[in-house]
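Student: Structure file input16.pdb, PDB, C-alpha atoms, is pasted below:
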ATOM      1  CA  MET A   1     189.028  49.257  32.226  1.00  0.00           C
ATOM      2  CA  THR A   2     191.410  46.420  31.640  1.00  0.00           C
ATOM      3  CA  ILE A   3     191.283  43.755  28.941  1.00  0.00           C
ATOM      4  CA  PHE A   4     190.173  41.199  31.535  1.00  0.00           C
ATOM      5  CA  SER A   5     186.984  43.073  32.440  1.00  0.00           C
ATOM      6  CA  ILE A   6     186.242  43.610  28.734  1.00  0.00           C
ATOM      7  CA  ILE A   7     186.522  39.851  28.165  1.00  0.00           C
ATOM      8  CA  LEU A   8     184.193  39.220  31.126  1.00  0.00           C
ATOM      9  CA  ILE A   9     181.567  41.620  29.761  1.00  0.00           C
ATOM     10  CA  VAL A  10     181.825  40.006  26.300  1.00  0.00           C
ATOM     11  CA  SER A  11     181.264  36.588  27.935  1.00  0.00           C
ATOM     12  CA  VAL A  12     178.201  37.914  29.778  1.00  0.00           C
ATOM     13  CA  SER A  13     176.724  39.210  26.521  1.00  0.00           C
ATOM     14  CA  ILE A  14     177.424  35.883  24.753  1.00  0.00           C
ATOM     15  CA  LEU A  15     175.612  34.073  27.582  1.00  0.00           C
ATOM     16  CA  GLY A  16     172.695  36.511  27.292  1.00  0.00           C
ATOM     17  CA  ILE A  17     172.335  35.814  23.557  1.00  0.00           C
ATOM     18  CA  ALA A  18     172.485  32.069  24.233  1.00  0.00           C
ATOM     19  CA  MET A  19     169.806  32.403  26.913  1.00  0.00           C
ATOM     20  CA  LEU A  20     167.540  34.230  24.461  1.00  0.00           C
ATOM     21  CA  LEU A  21     167.970  31.409  21.904  1.00  0.00           C
ATOM     22  CA  ALA A  22     167.133  28.787  24.544  1.00  0.00           C
ATOM     23  CA  LEU A  23     164.096  30.849  25.592  1.00  0.00           C
ATOM     24  CA  TYR A  24     162.902  30.825  21.962  1.00  0.00           C
ATOM     25  CA  ARG A  25     163.089  27.013  21.947  1.00  0.00           C
ATOM     26  CA  PHE A  26     161.276  27.033  25.310  1.00  0.00           C
ATOM     27  CA  ILE A  27     158.414  29.018  23.759  1.00  0.00           C
ATOM     28  CA  ILE A  28     158.016  27.177  20.432  1.00  0.00           C
ATOM     29  CA  GLY A  29     158.967  23.674  21.659  1.00  0.00           C
ATOM     30  CA  PRO A  30     156.753  21.062  19.983  1.00  0.00           C
ATOM     31  CA  SER A  31     156.535  18.688  22.941  1.00  0.00           C
ATOM     32  CA  LEU A  32     156.710  19.085  26.709  1.00  0.00           C
ATOM     33  CA  ALA A  33     160.073  17.284  26.875  1.00  0.00           C
ATOM     34  CA  ASP A  34     161.628  19.982  24.664  1.00  0.00           C
ATOM     35  CA  ARG A  35     160.512  22.611  27.131  1.00  0.00           C
ATOM     36  CA  ILE A  36     161.959  20.664  30.064  1.00  0.00           C
ATOM     37  CA  SER A  37     165.363  20.310  28.373  1.00  0.00           C
ATOM     38  CA  ALA A  38     165.344  24.039  27.505  1.00  0.00           C
ATOM     39  CA  LEU A  39     164.613  24.815  31.164  1.00  0.00           C
ATOM     40  CA  ASP A  40     167.563  22.644  32.209  1.00  0.00           C
ATOM     41  CA  LEU A  41     169.779  24.551  29.763  1.00  0.00           C
ATOM     42  CA  ILE A  42     168.582  27.915  31.109  1.00  0.00           C
ATOM     43  CA  ALA A  43     169.485  26.790  34.645  1.00  0.00           C
ATOM     44  CA  ALA A  44     173.028  25.957  33.457  1.00  0.00           C
ATOM     45  CA  TYR A  45     173.270  29.419  31.862  1.00  0.00           C
ATOM     46  CA  LEU A  46     172.163  30.997  35.146  1.00  0.00           C
ATOM     47  CA  ILE A  47     174.948  29.193  37.027  1.00  0.00           C
ATOM     48  CA  GLY A  48     177.522  30.444  34.513  1.00  0.00           C
ATOM     49  CA  LEU A  49     176.166  33.989  34.718  1.00  0.00           C
ATOM     50  CA  LEU A  50     176.326  33.921  38.522  1.00  0.00           C
ATOM     51  CA  ILE A  51     179.972  32.840  38.503  1.00  0.00           C
ATOM     52  CA  ILE A  52     180.948  35.559  36.000  1.00  0.00           C
ATOM     53  CA  TYR A  53     179.015  38.052  38.172  1.00  0.00           C
ATOM     54  CA  VAL A  54     181.126  36.995  41.156  1.00  0.00           C
ATOM     55  CA  MET A  55     184.267  37.563  39.086  1.00  0.00           C
ATOM     56  CA  ILE A  56     183.115  41.063  38.073  1.00  0.00           C
ATOM     57  CA  THR A  57     181.958  42.374  41.448  1.00  0.00           C
ATOM     58  CA  ASP A  58     184.035  40.289  43.967  1.00  0.00           C
ATOM     59  CA  ARG A  59     181.007  39.350  46.066  1.00  0.00           C
ATOM     60  CA  LEU A  60     182.013  35.854  47.143  1.00  0.00           C
ATOM     61  CA  ILE A  61     178.626  35.059  48.738  1.00  0.00           C
ATOM     62  CA  PHE A  62     177.142  34.346  45.298  1.00  0.00           C
ATOM     63  CA  PHE A  63     179.243  31.173  44.979  1.00  0.00           C
ATOM     64  CA  ASP A  64     176.856  29.660  47.531  1.00  0.00           C
ATOM     65  CA  VAL A  65     173.924  30.709  45.360  1.00  0.00           C
ATOM     66  CA  ALA A  66     175.468  28.937  42.352  1.00  0.00           C
ATOM     67  CA  LEU A  67     176.132  25.828  44.468  1.00  0.00           C
ATOM     68  CA  VAL A  68     172.519  25.658  45.659  1.00  0.00           C
ATOM     69  CA  LEU A  69     171.130  26.425  42.196  1.00  0.00           C
ATOM     70  CA  SER A  70     173.036  23.491  40.689  1.00  0.00           C
ATOM     71  CA  LEU A  71     171.254  21.183  43.149  1.00  0.00           C
ATOM     72  CA  ILE A  72     167.811  22.779  42.704  1.00  0.00           C
ATOM     73  CA  ALA A  73     168.053  22.456  38.903  1.00  0.00           C
ATOM     74  CA  PHE A  74     168.705  18.715  39.253  1.00  0.00           C
ATOM     75  CA  LEU A  75     165.703  18.261  41.550  1.00  0.00           C
ATOM     76  CA  GLY A  76     163.523  20.253  39.136  1.00  0.00           C
ATOM     77  CA  SER A  77     164.539  18.121  36.161  1.00  0.00           C
ATOM     78  CA  ILE A  78     163.879  14.891  38.057  1.00  0.00           C
ATOM     79  CA  SER A  79     160.442  16.024  39.230  1.00  0.00           C
ATOM     80  CA  PHE A  80     159.485  17.198  35.726  1.00  0.00           C
ATOM     81  CA  ALA A  81     160.465  13.798  34.320  1.00  0.00           C
ATOM     82  CA  TYR A  82     158.319  12.156  37.024  1.00  0.00           C
ATOM     83  CA  TYR A  83     155.440  14.403  35.937  1.00  0.00           C
ATOM     84  CA  LEU A  84     155.982  13.385  32.281  1.00  0.00           C
ATOM     85  CA  ILE A  85     155.508   9.713  33.095  1.00  0.00           C
ATOM     86  CA  ASN A  86     152.679  10.074  35.633  1.00  0.00           C
ATOM     87  CA  ARG A  87     150.731  12.787  33.841  1.00  0.00           C
ATOM     88  CA  PRO A  88     146.965  12.502  34.436  1.00  0.00           C
ATOM     89  CA  LYS A  89     144.988  11.315  31.425  1.00  0.00           C
ATOM     90  CA  GLU A  90     142.723  13.942  29.932  1.00  0.00           C
TER      91      GLU A  90
ATOM     92  CA  MET B   1     198.165  39.092  40.200  1.00  0.00           C
ATOM     93  CA  ASN B   2     200.283  37.231  37.745  1.00  0.00           C
ATOM     94  CA  ASN B   3     199.610  38.108  34.128  1.00  0.00           C
ATOM     95  CA  ILE B   4     199.714  34.529  32.829  1.00  0.00           C
ATOM     96  CA  THR B   5     197.149  33.421  35.421  1.00  0.00           C
ATOM     97  CA  LEU B   6     194.891  36.292  34.371  1.00  0.00           C
ATOM     98  CA  LEU B   7     195.257  35.333  30.709  1.00  0.00           C
ATOM     99  CA  LEU B   8     194.447  31.662  31.419  1.00  0.00           C
ATOM    100  CA  SER B   9     191.404  32.660  33.471  1.00  0.00           C
ATOM    101  CA  ALA B  10     190.097  34.952  30.713  1.00  0.00           C
ATOM    102  CA  LEU B  11     190.624  32.245  28.079  1.00  0.00           C
ATOM    103  CA  CYS B  12     188.749  29.659  30.184  1.00  0.00           C
ATOM    104  CA  VAL B  13     185.773  31.980  30.744  1.00  0.00           C
ATOM    105  CA  LEU B  14     185.634  32.994  27.072  1.00  0.00           C
ATOM    106  CA  PHE B  15     185.791  29.384  25.830  1.00  0.00           C
ATOM    107  CA  GLY B  16     183.105  28.394  28.318  1.00  0.00           C
ATOM    108  CA  ALA B  17     180.803  31.139  27.067  1.00  0.00           C
ATOM    109  CA  ILE B  18     181.443  30.197  23.422  1.00  0.00           C
ATOM    110  CA  ILE B  19     180.711  26.512  24.119  1.00  0.00           C
ATOM    111  CA  MET B  20     177.440  27.509  25.803  1.00  0.00           C
ATOM    112  CA  LEU B  21     176.536  29.577  22.716  1.00  0.00           C
ATOM    113  CA  ILE B  22     177.214  26.462  20.600  1.00  0.00           C
ATOM    114  CA  SER B  23     174.816  24.497  22.811  1.00  0.00           C
ATOM    115  CA  ALA B  24     172.140  27.188  22.314  1.00  0.00           C
ATOM    116  CA  ILE B  25     172.600  26.985  18.531  1.00  0.00           C
ATOM    117  CA  GLY B  26     172.312  23.197  18.845  1.00  0.00           C
ATOM    118  CA  ILE B  27     169.029  23.356  20.751  1.00  0.00           C
ATOM    119  CA  LEU B  28     167.662  25.749  18.143  1.00  0.00           C
ATOM    120  CA  ARG B  29     168.763  23.985  14.948  1.00  0.00           C
ATOM    121  CA  LEU B  30     168.799  20.200  15.458  1.00  0.00           C
ATOM    122  CA  PRO B  31     165.827  18.280  14.042  1.00  0.00           C
ATOM    123  CA  ASP B  32     164.844  15.951  16.868  1.00  0.00           C
ATOM    124  CA  PHE B  33     164.217  16.029  20.608  1.00  0.00           C
ATOM    125  CA  TYR B  34     166.905  13.427  21.296  1.00  0.00           C
ATOM    126  CA  CYS B  35     169.533  15.207  19.167  1.00  0.00           C
ATOM    127  CA  ARG B  36     168.696  18.449  20.957  1.00  0.00           C
ATOM    128  CA  LEU B  37     169.003  16.763  24.358  1.00  0.00           C
ATOM    129  CA  SER B  38     172.450  15.390  23.496  1.00  0.00           C
ATOM    130  CA  ALA B  39     173.604  18.843  22.310  1.00  0.00           C
ATOM    131  CA  VAL B  40     172.279  20.479  25.471  1.00  0.00           C
ATOM    132  CA  THR B  41     173.682  18.235  28.170  1.00  0.00           C
ATOM    133  CA  LYS B  42     177.270  17.739  26.995  1.00  0.00           C
ATOM    134  CA  ASN B  43     177.950  21.296  25.937  1.00  0.00           C
ATOM    135  CA  SER B  44     176.335  22.968  28.936  1.00  0.00           C
ATOM    136  CA  THR B  45     178.261  20.712  31.347  1.00  0.00           C
ATOM    137  CA  LEU B  46     181.592  21.502  29.689  1.00  0.00           C
ATOM    138  CA  GLY B  47     180.789  25.221  29.562  1.00  0.00           C
ATOM    139  CA  VAL B  48     179.947  25.465  33.272  1.00  0.00           C
ATOM    140  CA  LEU B  49     183.079  23.477  34.173  1.00  0.00           C
ATOM    141  CA  LEU B  50     185.295  25.819  32.117  1.00  0.00           C
ATOM    142  CA  ILE B  51     183.730  28.944  33.656  1.00  0.00           C
ATOM    143  CA  VAL B  52     184.246  27.555  37.190  1.00  0.00           C
ATOM    144  CA  VAL B  53     187.900  26.739  36.368  1.00  0.00           C
ATOM    145  CA  GLY B  54     188.349  30.324  35.168  1.00  0.00           C
ATOM    146  CA  ALA B  55     186.901  31.660  38.436  1.00  0.00           C
ATOM    147  CA  LEU B  56     189.171  29.377  40.503  1.00  0.00           C
ATOM    148  CA  LEU B  57     192.251  30.596  38.624  1.00  0.00           C
ATOM    149  CA  TYR B  58     191.198  34.222  39.086  1.00  0.00           C
ATOM    150  CA  PHE B  59     190.497  34.215  42.841  1.00  0.00           C
ATOM    151  CA  ASN B  60     193.401  31.985  44.056  1.00  0.00           C
ATOM    152  CA  ASN B  61     191.705  31.407  47.420  1.00  0.00           C
ATOM    153  CA  ILE B  62     191.102  28.238  49.430  1.00  0.00           C
ATOM    154  CA  GLU B  63     187.453  29.025  50.265  1.00  0.00           C
ATOM    155  CA  VAL B  64     186.608  29.697  46.639  1.00  0.00           C
ATOM    156  CA  LEU B  65     188.508  26.551  45.682  1.00  0.00           C
ATOM    157  CA  LEU B  66     186.357  24.349  47.924  1.00  0.00           C
ATOM    158  CA  LYS B  67     183.075  25.885  46.782  1.00  0.00           C
ATOM    159  CA  GLY B  68     184.148  25.712  43.139  1.00  0.00           C
ATOM    160  CA  LEU B  69     185.098  22.059  43.481  1.00  0.00           C
ATOM    161  CA  GLY B  70     181.645  21.472  44.992  1.00  0.00           C
ATOM    162  CA  ILE B  71     179.953  23.184  42.047  1.00  0.00           C
ATOM    163  CA  MET B  72     182.050  21.177  39.541  1.00  0.00           C
ATOM    164  CA  PHE B  73     181.279  17.904  41.349  1.00  0.00           C
ATOM    165  CA  PHE B  74     177.529  18.526  41.462  1.00  0.00           C
ATOM    166  CA  ILE B  75     177.321  19.733  37.842  1.00  0.00           C
ATOM    167  CA  ALA B  76     179.354  16.802  36.483  1.00  0.00           C
ATOM    168  CA  LEU B  77     177.262  14.382  38.567  1.00  0.00           C
ATOM    169  CA  THR B  78     173.738  15.731  38.091  1.00  0.00           C
ATOM    170  CA  SER B  79     173.545  17.189  34.574  1.00  0.00           C
ATOM    171  CA  PRO B  80     174.086  13.914  32.611  1.00  0.00           C
ATOM    172  CA  THR B  81     171.876  12.061  35.097  1.00  0.00           C
ATOM    173  CA  SER B  82     168.948  14.426  34.606  1.00  0.00           C
ATOM    174  CA  ALA B  83     169.386  14.254  30.815  1.00  0.00           C
ATOM    175  CA  TYR B  84     169.289  10.449  31.002  1.00  0.00           C
ATOM    176  CA  VAL B  85     166.114  10.494  33.099  1.00  0.00           C
ATOM    177  CA  ILE B  86     164.398  12.972  30.748  1.00  0.00           C
ATOM    178  CA  ALA B  87     165.368  10.841  27.714  1.00  0.00           C
ATOM    179  CA  LYS B  88     163.970   7.674  29.318  1.00  0.00           C
ATOM    180  CA  ALA B  89     160.725   9.486  30.184  1.00  0.00           C
ATOM    181  CA  ALA B  90     160.474  10.810  26.616  1.00  0.00           C
ATOM    182  CA  ILE B  91     160.916   7.294  25.182  1.00  0.00           C
ATOM    183  CA  TYR B  92     158.251   6.083  27.630  1.00  0.00           C
ATOM    184  CA  ILE B  93     155.659   8.641  26.520  1.00  0.00           C
ATOM    185  CA  LYS B  94     156.637   8.094  22.836  1.00  0.00           C
ATOM    186  CA  VAL B  95     158.028  11.442  21.751  1.00  0.00           C
ATOM    187  CA  PRO B  96     158.515  10.946  17.983  1.00  0.00           C
ATOM    188  CA  PHE B  97     161.981  10.241  16.570  1.00  0.00           C
ATOM    189  CA  TRP B  98     163.524  11.864  13.502  1.00  0.00           C
ATOM    190  CA  ASP B  99     162.690   9.866  10.372  1.00  0.00           C
ATOM    191  CA  GLN B 100     166.373   9.223   9.547  1.00  0.00           C
ATOM    192  CA  THR B 101     167.300   7.844  12.988  1.00  0.00           C
ATOM    193  CA  ASN B 102     168.551   4.247  12.992  1.00  0.00           C
ATOM    194  CA  LEU B 103     166.202   2.524  15.439  1.00  0.00           C
ATOM    195  CA  SER B 104     167.424  -1.063  15.008  1.00  0.00           C
ATOM    196  CA  ASP B 105     168.930  -1.149  18.531  1.00  0.00           C
ATOM    197  CA  PHE B 106     165.600  -0.206  20.114  1.00  0.00           C
ATOM    198  CA  LYS B 107     163.763  -3.375  19.062  1.00  0.00           C
ATOM    199  CA  THR B 108     162.362  -5.111  22.102  1.00  0.00           C
ATOM    200  CA  PRO B 109     161.190  -8.757  21.742  1.00  0.00           C
ATOM    201  CA  ASP B 110     157.520  -7.687  21.426  1.00  0.00           C
ATOM    202  CA  THR B 111     158.035  -5.414  18.438  1.00  0.00           C
ATOM    203  CA  LEU B 112     160.437  -7.948  16.876  1.00  0.00           C
ATOM    204  CA  ASP B 113     157.784 -10.693  17.103  1.00  0.00           C
ATOM    205  CA  LYS B 114     155.210  -8.337  15.638  1.00  0.00           C
ATOM    206  CA  GLU B 115     157.438  -7.523  12.678  1.00  0.00           C
ATOM    207  CA  LEU B 116     158.237 -11.189  12.084  1.00  0.00           C
ATOM    208  CA  GLY B 117     154.518 -11.986  12.218  1.00  0.00           C
ATOM    209  CA  ASN B 118     153.789  -9.263   9.692  1.00  0.00           C
ATOM    210  CA  GLN B 119     156.471 -10.572   7.352  1.00  0.00           C
ATOM    211  CA  GLN B 120     155.096 -14.095   7.586  1.00  0.00           C
ATOM    212  CA  GLU B 121     151.620 -12.815   6.852  1.00  0.00           C
ATOM    213  CA  ASP B 122     152.912 -10.899   3.867  1.00  0.00           C
ATOM    214  CA  SER B 123     154.749 -13.894   2.418  1.00  0.00           C
TER     215      SER B 123
END
Just dump the structure as structure tokens.

Tutor:
Amino acid sequence: MTIFSIILIVSVSILGIAMLLALYRFIIGPSLADRISALDLIAAYLIGLLIIYVMITDRLIFFDVALVLSLIAFLGSISFAYYLINRPKE
Amino acid sequence: MNNITLLLSALCVLFGAIIMLISAIGILRLPDFYCRLSAVTKNSTLGVLLIVVGALLYFNNIEVLLKGLGIMFFIALTSPTSAYVIAKAAIYIKVPFWDQTNLSDFKTPDTLDKELGNQQEDS
């Protein structure tokens, strides 16, 4: 176990702690816009985790997954903002 | 593998992870939706870019280089755009501001006329 793999595992655990903090904001968020921004942040964490996973296990196919996920997260944010404006009146 | 390249790659990944932890602390601690949005978008963009640069330095491969440049391009293009759209939607549905925010740049002509009318009525 080299120093490089230890640093990678430490980075993965830091990203896990950060994802838990963002999930806490996603649960307690006062408004709907808070939850949408927390979801955007969790998508960015997932992209980072995927790239570190590729560096640990040398499976290069997961770069494509990160590339597609970065596009899907953008489309999700845009459609949630559209839903915020055009929400049906209750 | 060259040792200096390995060291640079490890430093980039570690700094990216630490910057993403700072963005998580920002979304948990800041008082307002707009402050939290600013903390989220800048820090998460920089963190993902640093992690991708670390992966590119580690693999040293043309295929990985092209895919990594694609990821960096899409992240740097789409993450600030989506934050801007969410902020405009939040202003449109009147998510409340923090009480110490300076809102003097947000005065549209309607609200300015209303305030002037109120002042004239008061005097």

Student: When you get a sec, could you note down which chain A residues fall within 9 Å of chain B, using all atoms listed in the file, as a PyMOL selection string?

Tutor: chain A and resi 4-5+7-8+10-12+14-15+17-22+24-25+31+33-34+36-38+40-41+44-45+47-48+51-52+54-55+58+60+63-64+66-68+70-71+73-75+77-78+80-82+84-85

Student: Return the single residue from B:Ala39, B:Asp99, B:Asn60, B:Pro31 that is closest to B:Asn2, with distances computed using all atoms listed in the file.

Tutor: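 Under the stated criterion, the closest residue is B:Asn60.
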
Student: Please report the interatomic distance between atom CA of A:Leu23 and atom CA of A:Leu39 in Å with one decimal.

Tutor: 8.2 Å

Student: What does the distance between atom CA of B:Ile62 and atom CA of A:Val65 come to in Å, to one decimal place?

Tutor: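 Distance between the two atoms: 17.8 Å.
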
Student: In Å, rounded to a single decimal, give me how far atom CA of A:Leu50 is from atom CA of A:Ile28.

Tutor: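 We find that atom CA of A:Ile28 and atom CA of A:Leu50 lie 26.6 Å from each other.
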
Student: Extending 6 Å beyond the listed atoms of stretch 13-27 of chain B on each side, what axis-aligned box results? I want centre and edge lengths in Å to one decimal, as AutoDock Vina command-line options.

Tutor:
--center_x 177.4 --center_y 28.1 --center_z 24.6 --size_x 28.8 --size_y 21.8 --size_z 24.2

Student: Please determine, counting all atoms listed in the file, which residue among B:Leu8, B:Phe97, B:Asn102, B:Asn3 has the shortest atom-to-atom distance to B:Val53.

Tutor: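 Selected residue with least distance to B:Val53: B:Leu8.
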